[in-house]
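Structure first, commentary second.
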Amino acid sequence: MISLPRISFGMIVLNGEPFLRYNLRALYPFAYEIIVVEGAAPAARHIASADGHSRDSTLQTLRDFKAGEDPQDKLRIITRDGFWREKDEMSAAYAARAGGDYLWQVDVDEFYQPADMRAVCAMLLEAPGVSAVSFNTLTFWGAPQYRVDSWHKRRGASEYHRLFKWGAGYQYKTHRPPTVLDASGHDTRAGRWIRGGELAARGIFLYHYSLLLPRQVREKCDYYSRADWAKRADARRWSEEAWFGLRRPYHAHNIAEYPGCLYRYTGAHPPQAQAMWRELQADGSQEELRRTDDIEALLGSWRYQLGRALVMRANKPALWRRRGWARLKGLLARITPGAVKSLLRRSR
């Protein structure tokens, strides 16, 4: 192992199975410490226990890892009986206990290639002036061999702010978006900020398994449908129509007001994500997996391939703002004189 910067990994988690143990194993070789805050915010009440804890075996997994897989005493577990006020408070709880020179936020379903983590660590050692690092994401959908892309992701949402300089007087300010202030009160991204696109050009990504499993998608969509900040009251409907039913193949991403499409993924996955998937597929696994025959049929359709290309190429917000509406009205007028009037009436 190369020389490593002192990195405090911070994670907030509710119902983190089956990802949790694999994620901890992936982080462990690179960690100065791993601080995990377990529990629920009020919007997650319907997927949490009555006293604000995970309903699955997340707490037991954390304790088992501490007892059996933590020889260097890196893992710290923070929890409480009762609900956290919000995710800001949960994130601030691990940040307040962080003793490293960097704070690296990780969600339980986010993984990295070990070689990429080594490259980031080397970069931090070689350029100690780096104050923030963001990563572009690959988002997996239904199984590791499928990913989703969308207008929303391509307009900046693919970049996740995850790694921050840390030290005395620093403050974790907000969870949405993740924001850390230095001792002078300045956003760390105002300094030497390594952008996701810069790392993506080197082949370094965050591997996000956020839409992988049925139970995971149900719980996420239940939470988002109830969280006022999300403004996604139709999240559960999206899950049934688009994720389970595949009836909205051009709105496959869960930020469903933007078009999003499915793609086949043939690249490598982080080793611990691979290990998790092998165990989920093994006989005796209790985790429900999504069927894939309908995804295969969709991706094998030339009609979908053509439609996907047209939909994703149409993501040109500047063009639509300047000319799109006028051109669309003109096109409709040429096709049918009454179409524009009908459209305008419906839009009022």
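Residues are named by chain letter and number: chains run A, B, ... in the order of the structure tokens, numbers start at 1 in each chain, and ligands are numbered from 1 in the order shown.
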Next on the checklist: Env of region 152-157 of chain A: 10 Å cut, atoms = only C-alpha atoms, seq-sep filter 4 positions within chain, self excluded. Answer as a list in words.
Outcome noted: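 The neighbour list is Asn136, Thr137, Leu138, Thr139, Val148, Gly196, His253, Asn254, Ile255, Ala256, Glu257, Tyr258, Pro259, Gly260, Met312, Asn315, Lys316 and Pro317 of chain A.
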Next on the checklist: Residues within 7 Å of His175 (chain A), please, as an NGL selection string. Count only C-alpha atoms; anything in the same chain fewer than 6 positions from it doesn't count.
Outcome noted: :A and (87-88 or 91)
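Picture a line from CA of Val180 (chain A) to CA of Ser3 (chain A); it runs 25.2 Å.
Across A:Asp187, A:Glu159, A:Asp149, A:Asp228, the tightest approach to Cys261 (chain A) is made by A:Asp149 when counting only C-alpha atoms.
Contact shell of region 65-71 of chain A at 12 Å (only C-alpha atoms; same-chain neighbours under 2 positions omitted): Leu20, Arg21, Tyr22, Asn23, Leu24, Arg25, Ala26, Leu27, Tyr28, Pro29, Ala31, Glu33, Ile34, Ile35, Val36, Thr58, Leu59, Gln60, Thr61, Leu62, Arg63, Asp73, Lys74, Leu75, Arg76 and Ile77 of chain A.
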Keeping N, CA, C and O atoms for every residue in the selection just given, could you write it to a file as a short mmCIF file (atom, residue, chain, number, x, y, z; two decimals), in the first residue's frame?
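Listed below is the output, result26.cif:
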data_model
loop_
_atom_site.label_atom_id
_atom_site.label_comp_id
_atom_site.auth_asym_id
_atom_site.auth_seq_id
_atom_site.Cartn_x
_atom_site.Cartn_y
_atom_site.Cartn_z
N LEU A 20 -23.67 -2.59 3.12
CA LEU A 20 -22.85 -1.99 4.16
C LEU A 20 -21.52 -2.70 4.38
O LEU A 20 -20.45 -2.08 4.38
N ARG A 21 -21.53 -4.01 4.59
CA ARG A 21 -20.28 -4.68 4.93
C ARG A 21 -19.27 -4.61 3.79
O ARG A 21 -18.07 -4.49 4.03
N TYR A 22 -19.77 -4.66 2.56
CA TYR A 22 -18.88 -4.60 1.40
C TYR A 22 -18.28 -3.20 1.26
O TYR A 22 -17.10 -3.04 0.91
N ASN A 23 -19.07 -2.19 1.56
CA ASN A 23 -18.57 -0.83 1.47
C ASN A 23 -17.49 -0.59 2.54
O ASN A 23 -16.44 0.01 2.26
N LEU A 24 -17.74 -1.05 3.75
CA LEU A 24 -16.74 -0.90 4.81
C LEU A 24 -15.44 -1.62 4.44
O LEU A 24 -14.34 -1.09 4.67
N ARG A 25 -15.56 -2.79 3.86
CA ARG A 25 -14.36 -3.52 3.45
C ARG A 25 -13.60 -2.77 2.36
O ARG A 25 -12.36 -2.79 2.32
N ALA A 26 -14.33 -2.12 1.46
CA ALA A 26 -13.69 -1.37 0.38
C ALA A 26 -12.95 -0.15 0.91
O ALA A 26 -11.86 0.20 0.43
N LEU A 27 -13.53 0.51 1.90
CA LEU A 27 -12.93 1.74 2.43
C LEU A 27 -11.77 1.46 3.38
O LEU A 27 -10.85 2.29 3.50
N TYR A 28 -11.81 0.35 4.06
CA TYR A 28 -10.91 0.10 5.19
C TYR A 28 -9.43 0.31 4.87
O TYR A 28 -8.72 0.98 5.64
N PRO A 29 -8.91 -0.21 3.76
CA PRO A 29 -7.46 -0.04 3.52
C PRO A 29 -7.03 1.41 3.34
O PRO A 29 -5.85 1.72 3.51
N ALA A 31 -8.53 4.10 4.92
CA ALA A 31 -9.12 4.94 5.96
C ALA A 31 -8.17 5.20 7.12
O ALA A 31 -7.54 4.27 7.63
N GLU A 33 -9.91 6.64 9.53
CA GLU A 33 -11.05 6.24 10.35
C GLU A 33 -12.29 6.22 9.47
O GLU A 33 -12.33 6.87 8.41
N ILE A 34 -13.28 5.46 9.90
CA ILE A 34 -14.58 5.40 9.24
C ILE A 34 -15.63 5.69 10.31
O ILE A 34 -15.75 4.94 11.28
N ILE A 35 -16.38 6.76 10.11
CA ILE A 35 -17.38 7.17 11.10
C ILE A 35 -18.76 7.00 10.46
O ILE A 35 -19.08 7.65 9.46
N VAL A 36 -19.56 6.11 11.04
CA VAL A 36 -20.88 5.81 10.48
C VAL A 36 -21.95 6.28 11.45
O VAL A 36 -21.95 5.90 12.63
N THR A 58 -28.76 -3.54 9.74
CA THR A 58 -27.66 -2.58 9.62
C THR A 58 -26.87 -2.43 10.93
O THR A 58 -25.64 -2.49 10.93
N LEU A 59 -27.56 -2.23 12.04
CA LEU A 59 -26.85 -2.05 13.31
C LEU A 59 -26.05 -3.29 13.68
O LEU A 59 -24.90 -3.18 14.15
N GLN A 60 -26.61 -4.45 13.46
CA GLN A 60 -25.88 -5.68 13.78
C GLN A 60 -24.67 -5.84 12.87
O GLN A 60 -23.60 -6.28 13.31
N THR A 61 -24.82 -5.48 11.59
CA THR A 61 -23.69 -5.56 10.67
C THR A 61 -22.56 -4.64 11.13
O THR A 61 -21.37 -5.01 11.09
N LEU A 62 -22.90 -3.44 11.56
CA LEU A 62 -21.88 -2.52 12.07
C LEU A 62 -21.17 -3.11 13.28
O LEU A 62 -19.93 -3.07 13.39
N ARG A 63 -21.92 -3.69 14.21
CA ARG A 63 -21.32 -4.26 15.41
C ARG A 63 -20.48 -5.49 15.09
O ARG A 63 -19.40 -5.68 15.66
N ASP A 73 -9.00 -0.76 14.68
CA ASP A 73 -9.92 0.09 15.45
C ASP A 73 -10.26 1.38 14.69
O ASP A 73 -10.24 2.48 15.24
N LYS A 74 -10.62 1.23 13.41
CA LYS A 74 -10.92 2.39 12.58
C LYS A 74 -12.40 2.78 12.60
O LYS A 74 -12.74 3.95 12.36
N LEU A 75 -13.28 1.83 12.85
CA LEU A 75 -14.72 2.09 12.73
C LEU A 75 -15.28 2.70 14.01
O LEU A 75 -15.05 2.19 15.11
N ARG A 76 -16.02 3.80 13.84
CA ARG A 76 -16.74 4.43 14.94
C ARG A 76 -18.22 4.47 14.57
O ARG A 76 -18.58 4.92 13.47
N ILE A 77 -19.06 4.02 15.46
CA ILE A 77 -20.50 3.91 15.22
C ILE A 77 -21.22 4.94 16.09
O ILE A 77 -21.05 4.98 17.31
#
Next on the checklist: I'd like to know which residues of region 244-288 of chain A are strand (DSSP E) (by DSSP, run on the backbone); could you write them as a PyMOL selection string?
Outcome noted: chain A and resi 260-264
